[in-house]
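Enquirer: Pasting coords.cif below, which is mmCIF, C-alpha atoms and all ligand atoms.
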```
data_target
loop_
_atom_site.label_atom_id
_atom_site.label_comp_id
_atom_site.auth_asym_id
_atom_site.auth_seq_id
_atom_site.Cartn_x
_atom_site.Cartn_y
_atom_site.Cartn_z
CA MET Q 37 0.00 0.00 0.00
CA ASN Q 38 1.20 3.58 -0.68
CA ARG Q 39 2.59 5.06 2.55
CA ARG Q 40 2.29 8.59 1.25
CA PRO Q 41 -1.29 9.86 1.30
CA LEU Q 42 -3.37 10.93 -1.64
CA LEU Q 43 -4.31 14.61 -1.70
CA LEU Q 44 -7.77 15.71 -2.75
CA THR Q 45 -8.25 19.30 -3.83
CA GLN Q 46 -11.18 21.37 -2.66
CA GLY Q 47 -12.62 22.02 -6.13
CA ASP Q 48 -15.32 24.66 -6.39
CA PRO Q 49 -16.59 25.00 -2.81
CA SER Q 50 -20.11 25.82 -4.07
CA GLY Q 51 -20.28 22.58 -6.04
CA ILE Q 52 -20.61 18.97 -4.94
CA GLY Q 53 -16.88 18.49 -4.23
CA PRO Q 54 -17.09 19.17 -0.46
CA GLU Q 55 -19.98 16.76 0.15
CA LEU Q 56 -18.43 14.09 -2.10
CA THR Q 57 -15.20 14.34 -0.11
CA LEU Q 58 -17.16 13.87 3.12
CA LYS Q 59 -19.11 10.96 1.59
CA ALA Q 60 -15.94 9.29 0.34
CA TRP Q 61 -14.47 9.49 3.85
CA LEU Q 62 -17.69 8.08 5.34
CA GLN Q 63 -17.43 5.16 2.88
CA ARG Q 64 -13.68 4.63 3.45
CA GLU Q 65 -14.04 1.20 5.06
CA ARG Q 66 -16.80 -0.18 2.83
CA ALA Q 67 -14.91 1.02 -0.26
CA SER Q 68 -11.47 0.02 1.16
CA LEU Q 69 -10.09 3.46 0.38
CA PRO Q 70 -6.44 4.32 0.97
CA PRO Q 71 -5.70 7.23 3.33
CA PHE Q 72 -6.32 10.64 1.83
CA ALA Q 73 -6.44 14.25 2.97
CA VAL Q 74 -8.16 17.23 1.39
CA VAL Q 75 -6.60 20.67 0.92
CA ALA Q 76 -9.49 22.89 2.02
CA ASP Q 77 -10.87 25.16 4.74
CA PRO Q 78 -11.69 22.84 7.68
CA ASP Q 79 -14.40 25.20 8.99
CA HIS Q 80 -16.15 25.30 5.62
CA LEU Q 81 -16.10 21.49 5.39
CA GLY Q 82 -17.41 21.31 8.95
CA ARG Q 83 -20.32 23.60 8.05
CA VAL Q 84 -21.15 21.44 5.00
CA ALA Q 85 -21.15 18.29 7.18
CA THR Q 86 -23.32 19.95 9.84
CA ALA Q 87 -25.82 21.25 7.28
CA LEU Q 88 -26.20 17.73 5.91
CA GLY Q 89 -26.39 16.15 9.37
CA TRP Q 90 -23.36 13.96 8.68
CA ASN Q 91 -21.02 12.95 11.49
CA VAL Q 92 -17.58 13.60 10.02
CA PRO Q 93 -14.85 14.50 12.52
CA ILE Q 94 -12.42 16.84 10.80
CA GLN Q 95 -8.80 17.20 11.86
CA VAL Q 96 -6.17 19.62 10.62
CA ALA Q 97 -3.11 17.63 9.58
CA GLN Q 98 0.27 17.56 7.88
CA PRO Q 99 0.75 14.98 5.09
CA SER Q 100 2.92 12.83 7.39
CA GLN Q 101 0.04 12.55 9.92
CA VAL Q 102 -2.64 11.42 7.48
CA HIS Q 103 -2.16 7.67 7.93
CA ALA Q 104 -2.50 7.93 11.71
CA ILE Q 105 -5.60 10.14 11.55
CA PHE Q 106 -7.55 8.76 8.60
CA SER Q 107 -9.44 5.95 10.33
CA ARG Q 108 -11.02 8.30 12.90
CA ALA Q 109 -11.17 11.73 11.20
CA LEU Q 110 -11.01 13.37 7.79
CA PRO Q 111 -7.53 14.93 7.60
CA VAL Q 112 -7.54 18.47 6.20
CA LEU Q 113 -4.54 20.48 5.05
CA PRO Q 114 -5.81 23.99 5.71
CA LEU Q 115 -5.90 26.78 3.15
CA SER Q 116 -4.49 30.18 4.07
CA ALA Q 117 -7.89 31.92 4.14
CA ALA Q 118 -11.45 31.12 5.18
CA VAL Q 119 -13.90 29.94 2.52
CA SER Q 120 -17.39 31.40 2.75
CA ALA Q 121 -18.97 29.73 -0.30
CA ARG Q 122 -22.62 28.66 -0.29
CA ALA Q 123 -23.73 25.43 -1.95
CA GLY Q 124 -25.24 25.94 -5.39
CA GLN Q 125 -24.19 29.59 -5.57
CA PRO Q 126 -20.96 29.81 -7.56
CA ASP Q 127 -18.93 32.89 -6.80
CA PRO Q 128 -15.68 34.11 -8.45
CA ALA Q 129 -14.58 35.17 -4.93
CA SER Q 130 -13.87 31.46 -4.31
CA ALA Q 131 -11.29 31.35 -7.12
CA PRO Q 132 -8.19 32.05 -4.95
CA SER Q 133 -9.06 29.12 -2.66
CA VAL Q 134 -9.69 26.83 -5.64
CA ILE Q 135 -6.32 27.70 -7.15
CA GLU Q 136 -4.40 27.59 -3.85
CA SER Q 137 -5.75 24.11 -3.16
CA ILE Q 138 -4.54 22.79 -6.53
CA GLU Q 139 -1.16 24.49 -6.21
CA THR Q 140 -0.62 23.13 -2.69
CA ALA Q 141 -1.55 19.58 -3.64
CA VAL Q 142 0.78 19.63 -6.66
CA ARG Q 143 3.64 21.14 -4.62
CA LEU Q 144 3.34 18.44 -1.95
CA VAL Q 145 3.21 15.63 -4.50
CA ARG Q 146 6.21 17.08 -6.33
CA ALA Q 147 8.04 17.33 -2.98
CA GLY Q 148 7.41 13.63 -2.34
CA GLU Q 149 5.10 14.24 0.63
CA ALA Q 150 2.03 12.80 -1.09
CA SER Q 151 1.58 10.14 -3.74
CA ALA Q 152 -0.93 11.65 -6.19
CA VAL Q 153 -3.46 14.44 -6.71
CA VAL Q 154 -7.21 13.80 -6.96
CA THR Q 155 -8.98 16.96 -8.04
CA ASN Q 156 -12.56 17.81 -7.15
CA PRO Q 157 -14.48 19.54 -9.95
CA ILE Q 158 -14.01 23.20 -10.75
CA ALA Q 159 -16.35 25.42 -12.74
CA LYS Q 160 -14.22 26.84 -15.47
CA HIS Q 161 -16.39 29.85 -16.23
CA VAL Q 162 -16.27 30.92 -12.57
CA LEU Q 163 -12.47 30.81 -12.59
CA TYR Q 164 -12.33 32.62 -15.95
CA GLU Q 165 -14.42 35.45 -14.45
CA ALA Q 166 -11.75 35.74 -11.77
CA GLY Q 167 -8.99 35.95 -14.39
CA PHE Q 168 -7.83 32.30 -14.52
CA ARG Q 169 -6.02 31.85 -17.83
CA HIS Q 170 -5.92 28.05 -18.26
CA PRO Q 171 -8.70 26.11 -20.03
CA GLY Q 172 -8.97 23.66 -17.10
CA HIS Q 173 -7.06 21.56 -14.58
CA THR Q 174 -5.32 19.61 -17.33
CA GLU Q 175 -3.42 22.56 -18.75
CA PHE Q 176 -2.97 24.27 -15.33
CA LEU Q 177 -1.35 21.12 -13.94
CA ALA Q 178 1.09 21.03 -16.86
CA ALA Q 179 2.01 24.66 -16.17
CA LEU Q 180 2.55 23.85 -12.48
CA ALA Q 181 4.68 20.86 -13.46
CA SER Q 182 6.92 23.18 -15.50
CA ASP Q 183 7.11 25.59 -12.56
CA GLY Q 184 8.49 28.36 -14.74
CA GLY Q 185 11.41 26.14 -15.80
CA SER Q 186 12.51 25.16 -19.29
CA GLU Q 187 10.96 21.68 -19.18
CA SER Q 188 7.50 21.65 -20.75
CA TRP Q 189 4.89 18.94 -20.46
CA HIS Q 190 2.23 17.97 -22.96
CA PRO Q 191 -0.81 17.01 -20.88
CA VAL Q 192 -3.29 14.52 -22.32
CA MET Q 193 -6.81 14.07 -20.97
CA MET Q 194 -7.98 10.48 -20.75
CA LEU Q 195 -11.37 9.38 -19.42
CA TRP Q 196 -10.91 5.83 -18.17
CA SER Q 197 -13.27 3.08 -17.05
CA GLU Q 198 -13.12 -0.71 -17.07
CA GLN Q 199 -15.38 -0.73 -20.16
CA LEU Q 200 -13.86 2.09 -22.21
CA ALA Q 201 -10.98 4.58 -22.24
CA VAL Q 202 -11.21 7.68 -24.42
CA VAL Q 203 -8.84 10.54 -25.20
CA PRO Q 204 -10.06 13.80 -26.75
CA VAL Q 205 -7.19 15.02 -28.95
CA THR Q 206 -8.61 18.56 -28.88
CA VAL Q 207 -10.32 19.46 -25.62
CA HIS Q 208 -11.93 22.70 -24.46
CA ILE Q 209 -12.24 24.65 -27.69
CA PRO Q 210 -15.28 25.64 -29.74
CA LEU Q 211 -16.38 22.98 -32.21
CA SER Q 212 -15.81 25.45 -35.05
CA ASP Q 213 -12.10 25.64 -34.12
CA VAL Q 214 -11.56 21.86 -34.13
CA PRO Q 215 -10.64 21.34 -37.81
CA SER Q 216 -7.89 23.95 -37.73
CA ALA Q 217 -6.59 22.83 -34.32
CA LEU Q 218 -6.31 19.23 -35.45
CA THR Q 219 -2.85 18.54 -36.87
CA THR Q 220 -1.00 15.33 -37.67
CA ASP Q 221 1.67 16.38 -35.15
CA LEU Q 222 -0.87 16.85 -32.35
CA ILE Q 223 -2.45 13.47 -33.02
CA VAL Q 224 0.92 11.70 -33.16
CA THR Q 225 2.17 13.38 -29.96
CA THR Q 226 -1.06 12.46 -28.19
CA GLY Q 227 -0.99 8.86 -29.47
CA ARG Q 228 2.63 8.39 -28.37
CA ILE Q 229 1.89 9.64 -24.84
CA VAL Q 230 -1.21 7.45 -24.57
CA ALA Q 231 0.64 4.33 -25.78
CA ARG Q 232 3.58 4.98 -23.44
CA GLU Q 233 1.44 5.56 -20.36
CA LEU Q 234 -0.89 2.63 -21.03
CA ARG Q 235 2.27 0.53 -21.12
CA GLU Q 236 4.13 2.07 -18.20
CA ARG Q 237 1.35 3.09 -15.82
CA PHE Q 238 -1.52 0.76 -16.72
CA GLY Q 239 0.63 -2.31 -17.42
CA ILE Q 240 -0.73 -3.02 -20.93
CA ALA Q 241 2.22 -4.60 -22.75
CA ALA Q 242 1.17 -3.68 -26.31
CA PRO Q 243 -1.57 -1.03 -26.18
CA ARG Q 244 -4.05 -0.94 -29.06
CA LEU Q 245 -5.19 2.52 -30.12
CA ALA Q 246 -8.26 3.24 -32.26
CA LEU Q 247 -8.35 6.67 -33.89
CA ALA Q 248 -11.71 8.16 -34.79
CA GLY Q 249 -12.33 10.06 -37.97
CA LEU Q 250 -13.53 13.65 -37.72
CA ASN Q 251 -16.25 13.59 -40.34
CA PRO Q 252 -19.26 11.31 -40.96
CA HIS Q 253 -18.07 7.87 -42.15
CA ALA Q 254 -14.49 9.06 -41.58
CA GLY Q 255 -14.93 11.36 -44.55
CA GLU Q 256 -16.40 8.80 -47.00
CA SER Q 257 -13.22 8.85 -49.14
CA GLY Q 258 -13.03 12.63 -48.99
CA SER Q 259 -16.57 13.37 -50.12
CA MET Q 260 -17.71 14.36 -46.61
CA GLY Q 261 -14.58 16.19 -45.48
CA THR Q 262 -10.87 15.77 -46.11
CA GLU Q 263 -9.31 15.96 -42.60
CA ASP Q 264 -9.62 12.19 -42.20
CA MET Q 265 -7.40 11.53 -45.24
CA ARG Q 266 -5.15 14.58 -45.00
CA VAL Q 267 -4.54 14.82 -41.24
CA ILE Q 268 -5.62 11.69 -39.35
CA ALA Q 269 -4.56 8.88 -41.74
CA PRO Q 270 -0.93 10.14 -41.88
CA ALA Q 271 -0.89 10.26 -38.06
CA VAL Q 272 -2.04 6.63 -37.88
CA GLU Q 273 0.74 5.71 -40.32
CA ILE Q 274 3.42 7.48 -38.24
CA LEU Q 275 2.19 5.81 -35.05
CA ARG Q 276 2.37 2.43 -36.79
CA GLN Q 277 5.92 3.16 -37.99
CA ASP Q 278 6.72 3.81 -34.30
CA GLY Q 279 5.60 0.25 -33.59
CA ILE Q 280 2.31 1.32 -31.98
CA ASP Q 281 -0.76 -0.80 -32.73
CA ALA Q 282 -2.93 2.00 -34.16
CA ALA Q 283 -6.07 1.65 -36.29
CA GLY Q 284 -8.05 4.30 -38.13
CA PRO Q 285 -9.37 6.72 -39.00
CA LEU Q 286 -12.52 4.81 -38.04
CA PRO Q 287 -16.10 6.01 -38.48
CA ALA Q 288 -16.82 7.34 -34.98
CA ASP Q 289 -20.44 6.21 -34.96
CA THR Q 290 -19.54 2.51 -35.01
CA MET Q 291 -16.49 2.38 -32.76
CA PHE Q 292 -18.11 2.49 -29.32
CA HIS Q 293 -20.47 -0.50 -29.26
CA ALA Q 294 -19.37 -3.47 -27.15
CA ARG Q 295 -17.83 -5.59 -29.93
CA ALA Q 296 -15.92 -2.63 -31.35
CA ARG Q 297 -14.63 -1.69 -27.90
CA SER Q 298 -13.09 -5.13 -27.45
CA ARG Q 299 -10.66 -4.35 -30.30
CA TYR Q 300 -8.77 -1.49 -28.61
CA ASP Q 301 -7.47 -0.27 -25.25
CA ALA Q 302 -8.05 3.45 -25.85
CA ALA Q 303 -9.98 5.44 -28.42
CA LEU Q 304 -8.50 8.71 -29.61
CA ALA Q 305 -11.37 11.04 -30.43
CA MET Q 306 -10.89 14.23 -32.37
CA TYR Q 307 -12.95 16.53 -30.13
CA HIS Q 308 -14.35 16.73 -26.60
CA ASP Q 309 -17.89 15.41 -27.06
CA GLN Q 310 -16.87 12.67 -29.50
CA ALA Q 311 -14.88 11.21 -26.59
CA LEU Q 312 -16.96 12.12 -23.57
CA ILE Q 313 -20.46 11.28 -24.80
CA PRO Q 314 -19.76 7.55 -25.20
CA ILE Q 315 -17.93 7.12 -21.90
CA LYS Q 316 -20.41 9.19 -19.86
CA THR Q 317 -23.24 7.22 -21.45
CA ILE Q 318 -21.67 3.85 -20.71
CA ALA Q 319 -19.99 4.58 -17.35
CA PHE Q 320 -21.04 7.94 -15.87
CA ASP Q 321 -20.75 6.71 -12.28
CA GLU Q 322 -17.47 4.84 -12.66
CA ALA Q 323 -15.38 6.76 -15.16
CA VAL Q 324 -12.30 8.69 -14.05
CA ASN Q 325 -10.54 11.60 -15.68
CA VAL Q 326 -6.79 10.95 -15.59
CA THR Q 327 -4.15 13.31 -16.93
CA LEU Q 328 -1.39 11.60 -18.88
CA GLY Q 329 1.93 13.18 -19.81
CA LEU Q 330 2.66 14.76 -16.42
CA PRO Q 331 5.51 13.94 -14.02
CA PHE Q 332 2.94 13.04 -11.34
CA VAL Q 333 -0.42 11.28 -11.15
CA ARG Q 334 -3.65 13.26 -11.25
CA THR Q 335 -7.12 11.79 -11.36
CA SER Q 336 -10.56 13.34 -11.01
CA PRO Q 337 -14.20 12.30 -11.19
CA ASP Q 338 -15.64 12.43 -14.71
CA HIS Q 339 -18.42 14.84 -13.75
CA GLY Q 340 -18.50 18.54 -12.99
CA THR Q 341 -19.59 20.77 -10.13
CA ALA Q 342 -23.30 19.90 -10.40
CA PHE Q 343 -24.46 23.18 -8.85
CA ASP Q 344 -28.06 22.07 -9.42
CA ILE Q 345 -27.79 19.43 -6.67
CA ALA Q 346 -24.99 20.84 -4.49
CA GLY Q 347 -25.74 20.92 -0.77
CA LYS Q 348 -28.61 18.43 -1.06
CA GLY Q 349 -26.53 15.40 -0.09
CA ILE Q 350 -27.77 13.38 -3.07
CA ALA Q 351 -24.67 13.54 -5.30
CA ARG Q 352 -23.17 10.11 -5.94
CA PRO Q 353 -19.56 9.69 -4.76
CA ASP Q 354 -18.86 6.70 -7.06
CA SER Q 355 -16.75 8.54 -9.63
CA LEU Q 356 -14.70 10.32 -6.93
CA ILE Q 357 -14.18 6.97 -5.21
CA ALA Q 358 -13.09 5.45 -8.53
CA ALA Q 359 -10.70 8.40 -8.98
CA ILE Q 360 -9.22 7.81 -5.51
CA ARG Q 361 -8.76 4.12 -6.28
CA LEU Q 362 -7.13 4.76 -9.65
CA ALA Q 363 -4.80 7.38 -8.14
CA ALA Q 364 -3.73 4.84 -5.50
CA ARG Q 365 -3.09 2.27 -8.22
CA LEU Q 366 -1.05 4.62 -10.41
CA GLY Q 367 0.56 6.88 -7.81
CA ALA Q 368 4.08 6.85 -6.39
CA PRO Q 369 4.46 4.42 -3.46
N1 LIG X 1 -12.91 17.90 -13.70
C1 LIG X 1 -13.61 19.04 -13.63
O1 LIG X 1 -13.20 19.94 -12.93
C2 LIG X 1 -14.86 19.20 -14.43
C3 LIG X 1 -15.55 20.36 -14.31
N2 LIG X 1 -16.70 20.58 -15.02
C4 LIG X 1 -17.38 21.86 -14.79
O2 LIG X 1 -18.60 21.60 -14.13
C5 LIG X 1 -19.52 22.65 -14.44
C6 LIG X 1 -20.89 22.07 -14.66
O3 LIG X 1 -20.84 21.22 -15.81
P1 LIG X 1 -22.04 20.36 -16.36
O4 LIG X 1 -21.85 20.24 -17.81
O5 LIG X 1 -23.34 20.88 -15.84
O6 LIG X 1 -21.78 18.90 -15.81
P2 LIG X 1 -22.02 18.24 -14.39
O7 LIG X 1 -21.31 16.94 -14.44
O8 LIG X 1 -21.65 19.18 -13.30
O9 LIG X 1 -23.59 17.98 -14.28
C7 LIG X 1 -24.32 17.33 -15.31
C8 LIG X 1 -25.55 16.63 -14.70
O10 LIG X 1 -25.12 15.48 -14.00
C9 LIG X 1 -25.51 15.55 -12.64
N3 LIG X 1 -24.40 15.04 -11.82
C10 LIG X 1 -23.08 15.38 -11.96
N4 LIG X 1 -22.36 14.76 -11.06
C11 LIG X 1 -23.20 13.99 -10.33
C12 LIG X 1 -23.02 13.11 -9.23
N5 LIG X 1 -21.82 12.87 -8.68
N6 LIG X 1 -24.12 12.50 -8.71
C13 LIG X 1 -25.34 12.72 -9.23
N7 LIG X 1 -25.56 13.56 -10.29
C14 LIG X 1 -24.50 14.17 -10.83
C15 LIG X 1 -25.79 17.01 -12.35
O11 LIG X 1 -26.70 17.16 -11.28
C16 LIG X 1 -26.30 17.49 -13.69
O12 LIG X 1 -27.67 17.23 -13.78
C17 LIG X 1 -18.95 23.38 -15.66
O13 LIG X 1 -18.62 24.68 -15.24
C18 LIG X 1 -17.72 22.60 -16.04
O14 LIG X 1 -16.64 23.45 -16.39
C19 LIG X 1 -17.22 19.62 -15.85
C20 LIG X 1 -16.57 18.43 -15.99
C21 LIG X 1 -15.35 18.11 -15.29
N1 LIG X 2 -15.05 17.78 -19.65
C1 LIG X 2 -13.90 17.38 -18.91
C2 LIG X 2 -13.45 18.49 -18.06
O1 LIG X 2 -14.00 19.55 -18.09
C3 LIG X 2 -12.29 18.23 -17.19
O2 LIG X 2 -11.33 19.20 -17.43
P1 LIG X 2 -10.08 19.39 -16.51
O3 LIG X 2 -10.45 20.39 -15.48
O4 LIG X 2 -9.74 18.05 -15.96
O5 LIG X 2 -9.03 19.90 -17.44
#
```
Before anything else, please render the file you have as structure tokens.

Expert:
Amino acid sequence: MNRRPLLLTQGDPSGIGPELTLKAWLQRERASLPPFAVVADPDHLGRVATALGWNVPIQVAQPSQVHAIFSRALPVLPLSAAVSARAGQPDPASAPSVIESIETAVRLVRAGEASAVVTNPIAKHVLYEAGFRHPGHTEFLAALASDGGSESWHPVMMLWSEQLAVVPVTVHIPLSDVPSALTTDLIVTTGRIVARELRERFGIAAPRLALAGLNPHAGESGSMGTEDMRVIAPAVEILRQDGIDAAGPLPADTMFHARARSRYDAALAMYHDQALIPIKTIAFDEAVNVTLGLPFVRTSPDHGTAFDIAGKGIARPDSLIAAIRLAARLGAP
């Protein structure tokens, strides 16, 4: 078992992250969860627990104390300022606490004091209103990994479940920008990172990648769009020359049914919804968002902040629990 604890981030304090963290701790024995702490405001978490009528003892801790505390209290690494957020009412004033929590968790993992980061959901538009310049966690984590140095990291988003793993090659950009953002280089770089990490972190000796086409019927020989032939097919060829088992471009509409899924270990989709619709349809409660290409492990639930149900105590902790489990499996011992 990892001796270093996992660190959960606070996420948006007006979303479901705080109550999911409390629920995950309450289910720690039933779900056989490894010790974790959350980087948050202990008083805010205490108020969330009280409002829901949940008995969760909360204890301020250092990473080295988490193992000793975890069985009897939820260990919390405190933020520098109080959090006054209200459930279901997103507020850009929470942004500094959201960012500090992520930065602290990454710093401690990089310093070897924790084994991996599990992020609770953030609402991107709320952070943007407060001046946050990164599209999401994925890119922010890569910037933190570089830490202003010369080494740069190419982060890759993968949504993983036992039934299906998907990778959106382009992520949080408007659909109209996808064709111009999609390059052979980007697809090859993404495919190489996915193949390497499936081998090294997930233990798949010879990963099989399936690359989706962009257009209907993967372009129907160029009559329904040319990106499939011009941009994606050359990427598949380069990946194959690298010795990677890559297939495609495949018509995206027929690559996610059960028989098709048995032919590959990860599907590379060309845009966000092409990847996330199938996995959230098949495995919404179990899927985990894992960032590949970083010098540390980061996982996250597949869902967002769910402001519509925050504070009601009805949000399901399954995906966060799956994210904690996967982080423990992949993280540094
Ligand atoms: N990793 C992250 O930080 C992510 C953040 N987001 C952010 O979340 C915000 C809201 O996004 P939406 O598209 O509305 O997606 P969402 O996942 O927050 O909610 C979609 C629907 O699923 C339900 N839902 C979500 N999680 C649930 C859970 N654990 N148990 C029960 N029901 C659940 C919600 O109540 C809602 O009806 C956005 O601002 C987005 O940026 C979205 C995805 C991932
Ligand atoms: N739709 C997935 C998502 O929004 C997660 O983004 P990130 O915050 O993990 O980069």

Enquirer: Residues within 8 Å of ligand LIG 1 (chain X) should be enumerated using only C-alpha atoms and all ligand atoms and returned as a ChimeraX atom specification.

Expert: /Q:47,52,56,155-162,172-173,321,325,336-346,350-356

Enquirer: Please indicate the distance in Å from atom CA of Leu81 of chain Q to atom CA of Phe106 of chain Q, rounded to one decimal place.

Expert: 15.7 Å

Enquirer: Which residue out of Q:Thr327, Q:Thr290, Q:Ser259, Q:Ser151 has the minimum interatomic distance to Val230 of chain Q when only C-alpha atoms are used?

Expert: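 Closest to Val230 of chain Q of all the choices is Q:Thr327.
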
Enquirer: Please determine, counting all atoms listed in the file, which residue among Q:Leu304, Q:Val203, Q:Val142, Q:Ala231 has the shortest atom-to-atom distance to ligand LIG 2 (chain X).

Expert: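 Nearest to ligand LIG 2 (chain X): Q:Val203.
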
Enquirer: Around segment 60-68 of chain Q, with edges along x, y and z and 6 Å added on all six sides, what centre and edge lengths do you get, in Å to one decimal, as JSON?

Expert:
```
{"center_x": -14.6, "center_y": 4.7, "center_z": 2.5, "size_x": 18.2, "size_y": 21.7, "size_z": 17.6}
```

Enquirer: Distance cut-off 12 Å, centre (3.1, -7.7, -28.4) in file coordinates, counting only C-alpha atoms: which residues qualify? Return them as a ChimeraX atom specification.

Expert: /Q:235,240-244,279-281

Enquirer: Please produce a file of the residues just selected, as a compact mmCIF listing (two decimals), in the coordinates of the input, where the atoms kept are C-alpha atoms.

Expert:
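Saved to selection.txt:
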```
# COMPACT_ATOMS: atom_id res chain seq x y z
CA ARG Q 235 2.27 0.53 -21.12
CA ILE Q 240 -0.73 -3.02 -20.93
CA ALA Q 241 2.22 -4.60 -22.75
CA ALA Q 242 1.17 -3.68 -26.31
CA PRO Q 243 -1.57 -1.03 -26.18
CA ARG Q 244 -4.05 -0.94 -29.06
CA GLY Q 279 5.60 0.25 -33.59
CA ILE Q 280 2.31 1.32 -31.98
CA ASP Q 281 -0.76 -0.80 -32.73
```

Enquirer: From the set Q:Leu328, Q:Leu163, Q:Met194, Q:Ala150, which residue has the shortest atom-to-atom contact distance to Ser133 of chain Q, counting all atoms listed in the file?

Expert: Q:Leu163
